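Written below as C-alpha cells is the structure these notes are about.
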Amino acid sequence: MSEYINIHGQQIEIRSSDPANPTLGQIWYNTTSSALKGYQFFSGWSTGGNLNTARGYFAGAGTQTAGLAIGGPGPAVGKTEEYDGSTWTTGGDMGTARSGLAGAGTQTAGLAFGGTTSPGTPAAISNVTEEYNGSAWTSGGNLGTGRLGLGGAGTQTAGLAIAGMDGLGPPISNTAASEEYDGSAWTAGGSLPTARRFLAGCGTQTAGLAIAGQTTTNETQEYNGTSWTAGGNLGTGRYKLAAAGTQTSALGFGGYINGGGTTTATEKYDGSVWTASDNLNTARNELAGAGADNTTALAFGGNVPPITVATEEYSEANATRTFTTT
C-alpha cells in the first residue's frame, strides 16, 4: 500500500491547532480535536433558513445574504420576504398581488413586474410594475405588454423583462419580446430568436441572459442591450427553473424536464459553456433564485411537489475540512 510520504514527499503534520493560513491541499492532524484535517476546495448546496410561507411560481431578487422572495400562488400572493443569510422575515406587501411574475434588483431596491392576478384567467395577465425600497412597494411604469412566466434581469432603474406568455389561449401565446426599464417607463428591446415561457433570466440590462424555458428547453441567449445572440446550450434542458449571477458567471438550477419530471440539476455558465455542478439537495420546479455570480447563489421555495419553504445556499470556497472514515 502506498504511504502518504511516498506520494507527497512529506509526513502528515501533527499540531495542536489548525494553521492560521493553510495552503490548498495541506493536510494535518490536530491533537487537540483528535481529527485529521485538510484545506481543500469545496462546492455545493447547503440548507438555509426556511421561508415563512411556502410558495412557488413566484419571483426572487437580491443576493445570497440579502435575498427577496416576491409573490406566488395560494397564501403567498402579494407577500414579500427578506433573507439575511440565515433567516427570512416578512417585508411589505405588494400593491397588486400576483404569481408568475419576474423580479430584479436588490433587497432595498427591488423590481417586480408582470405575472397574473388570477392563474388560468386570460384577462388577469398583468402589466403592473412595482418598486421596493426595503420596506414598501410603490407603483412603477407599466409593461408595454402584460405577460406571465417571464424572465427578469437588471436593476430597479435598468430592468429587463424577457419573453413569457402574453395570452393563455387556446392556443397559448408565447412571446419573444423583451422590454427595458429606466426607472419610470418600459420601452421595447430586442426580440429573442425563439418565443418561450417559464424561462430564467439573470445579468444586467446590457449584459443579460435568457436561459432555457418552454418550448426551447436547453437554449441560452445573450443580450447586449440591443439584440440577442446564441450562447451555449444547457446540458440538461428544462423549464420552470431558476438562475443567478451574470452573463459570464451564471448558475442555473432546478426546473422541470419534459418526460423526466422535476430535477436537482445545477449548471454553471462562464459566458460560453455550461458545465454540470453539484445538484440541489431537493428537486423542485417553479422556484426562485438570487445571487451575485455562479459561486454564491440562493435557491428558495418551489414545487417539489407540494410547494415548499425550503431554502438552499450554493457556495464555492477553499475551506478547512475534517476527514472521517464514513
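Following the order of the C-alpha cells, first chain is A, next is B, and so on, with residues numbered from 1 inside each chain and ligands from 1 in the order they appear.
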Checklist entry - Asn142 in chain A: which residues within 10 Å, counting only C-alpha atoms, same-chain residues fewer than 3 positions away excluded, as a count of residues only? => result 14
Next on the checklist: If DSSP is run on the backbone, what residues of range 18-192 of chain A are helix (DSSP H, G or I)? A reply as number ranges by chain would be ideal.
Outcome noted: A: 74-76, 122-124
Hey, which bits of range 47-162 of chain A sit within 6 Å of range 200-223 of chain A, and for each residue what's the closest pair of atoms and how far apart in Å (one decimal), counting only C-alpha atoms, rows by chain and increasing number, as a Markdown table?
| residue | atom | partner | partner_atom | distance |
| --- | --- | --- | --- | --- |
| A:Gly151 | CA | A:Gly201 | CA | 4.5 |
| A:Gly152 | CA | A:Gly201 | CA | 5.0 |
| A:Ala153 | CA | A:Cys202 | CA | 4.6 |
| A:Gly154 | CA | A:Thr204 | CA | 3.9 |
| A:Ala158 | CA | A:Gln205 | CA | 5.9 |
| A:Gly159 | CA | A:Gln205 | CA | 5.8 |
| A:Leu160 | CA | A:Gln205 | CA | 5.3 |
Could you turn the residues from that selection into a file that holds N, CA and C atoms, as an mmCIF file, in the first residue's frame?
data_model
loop_
_atom_site.group_PDB
_atom_site.id
_atom_site.type_symbol
_atom_site.label_atom_id
_atom_site.label_comp_id
_atom_site.auth_asym_id
_atom_site.auth_seq_id
_atom_site.Cartn_x
_atom_site.Cartn_y
_atom_site.Cartn_z
ATOM 1 N N GLY A 151 -38.926 36.034 -17.772
ATOM 2 C CA GLY A 151 -37.665 36.145 -17.075
ATOM 3 C C GLY A 151 -37.376 37.587 -16.731
ATOM 4 N N GLY A 152 -36.571 37.799 -15.693
ATOM 5 C CA GLY A 152 -36.209 39.141 -15.283
ATOM 6 C C GLY A 152 -34.719 39.273 -15.048
ATOM 7 N N ALA A 153 -34.179 40.474 -15.272
ATOM 8 C CA ALA A 153 -32.766 40.760 -15.045
ATOM 9 C C ALA A 153 -32.599 42.250 -14.785
ATOM 10 N N GLY A 154 -31.404 42.615 -14.330
ATOM 11 C CA GLY A 154 -31.091 44.029 -14.174
ATOM 12 C C GLY A 154 -31.363 44.586 -12.795
ATOM 13 N N ALA A 158 -32.690 49.955 -14.220
ATOM 14 C CA ALA A 158 -32.260 49.434 -15.523
ATOM 15 C C ALA A 158 -32.654 47.968 -15.610
ATOM 16 N N GLY A 159 -33.975 47.730 -15.663
ATOM 17 C CA GLY A 159 -34.512 46.381 -15.649
ATOM 18 C C GLY A 159 -34.703 45.802 -17.038
ATOM 19 N N LEU A 160 -34.844 44.467 -17.079
ATOM 20 C CA LEU A 160 -35.055 43.766 -18.339
ATOM 21 C C LEU A 160 -36.137 42.703 -18.147
#
Using only C-alpha atoms, find each residue in range 284-305 of chain A having at least one atom no more than 12 Å away from range 76-90 of chain A; report its shortest atom-to-atom pair and that distance in Å (one decimal), rows by chain then rising number, as a tab-separated table.
residue	atom	partner	partner_atom	distance
A:Gly289	CA	A:Tyr83	CA	11.9
A:Ala290	CA	A:Tyr83	CA	10.4
A:Gly291	CA	A:Gly85	CA	11.3
A:Thr296	CA	A:Gly85	CA	11.1
A:Ala297	CA	A:Gly85	CA	10.7
A:Leu298	CA	A:Gly85	CA	9.3
A:Ala299	CA	A:Tyr83	CA	11.5
A:Phe300	CA	A:Tyr83	CA	10.3
A:Gly301	CA	A:Ala76	CA	10.8
A:Gly302	CA	A:Ala76	CA	11.8
Next on the checklist: I'd like to know which residues of range 42-281 of chain A are strand (DSSP E) (by DSSP, run on the backbone); could you write them as an MDAnalysis selection string?
Outcome noted: chainID A and resid 42:47 59:62 67:70 80:83 88:90 102:105 110:113 129:132 137:139 151:154 159:167 173:181 186:188 200:203 208:211 220:223 228:230 242:246 249:253 256:257 261:262 266:269 274:276
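Nearest residue to Thr157 in chain A, choosing from A:Gly254, A:Gly60, A:Gly95, A:Gly141 and counting only C-alpha atoms: A:Gly141.
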Next on the checklist: Report as a ChimeraX atom specification all protein, DNA and RNA residues lying within 10 Å of Gly189 in chain A, evaluated on only C-alpha atoms, omitting residues in the same chain fewer than 4 positions from it.
Outcome noted: /A:160-162,177-181,205,223,225-228
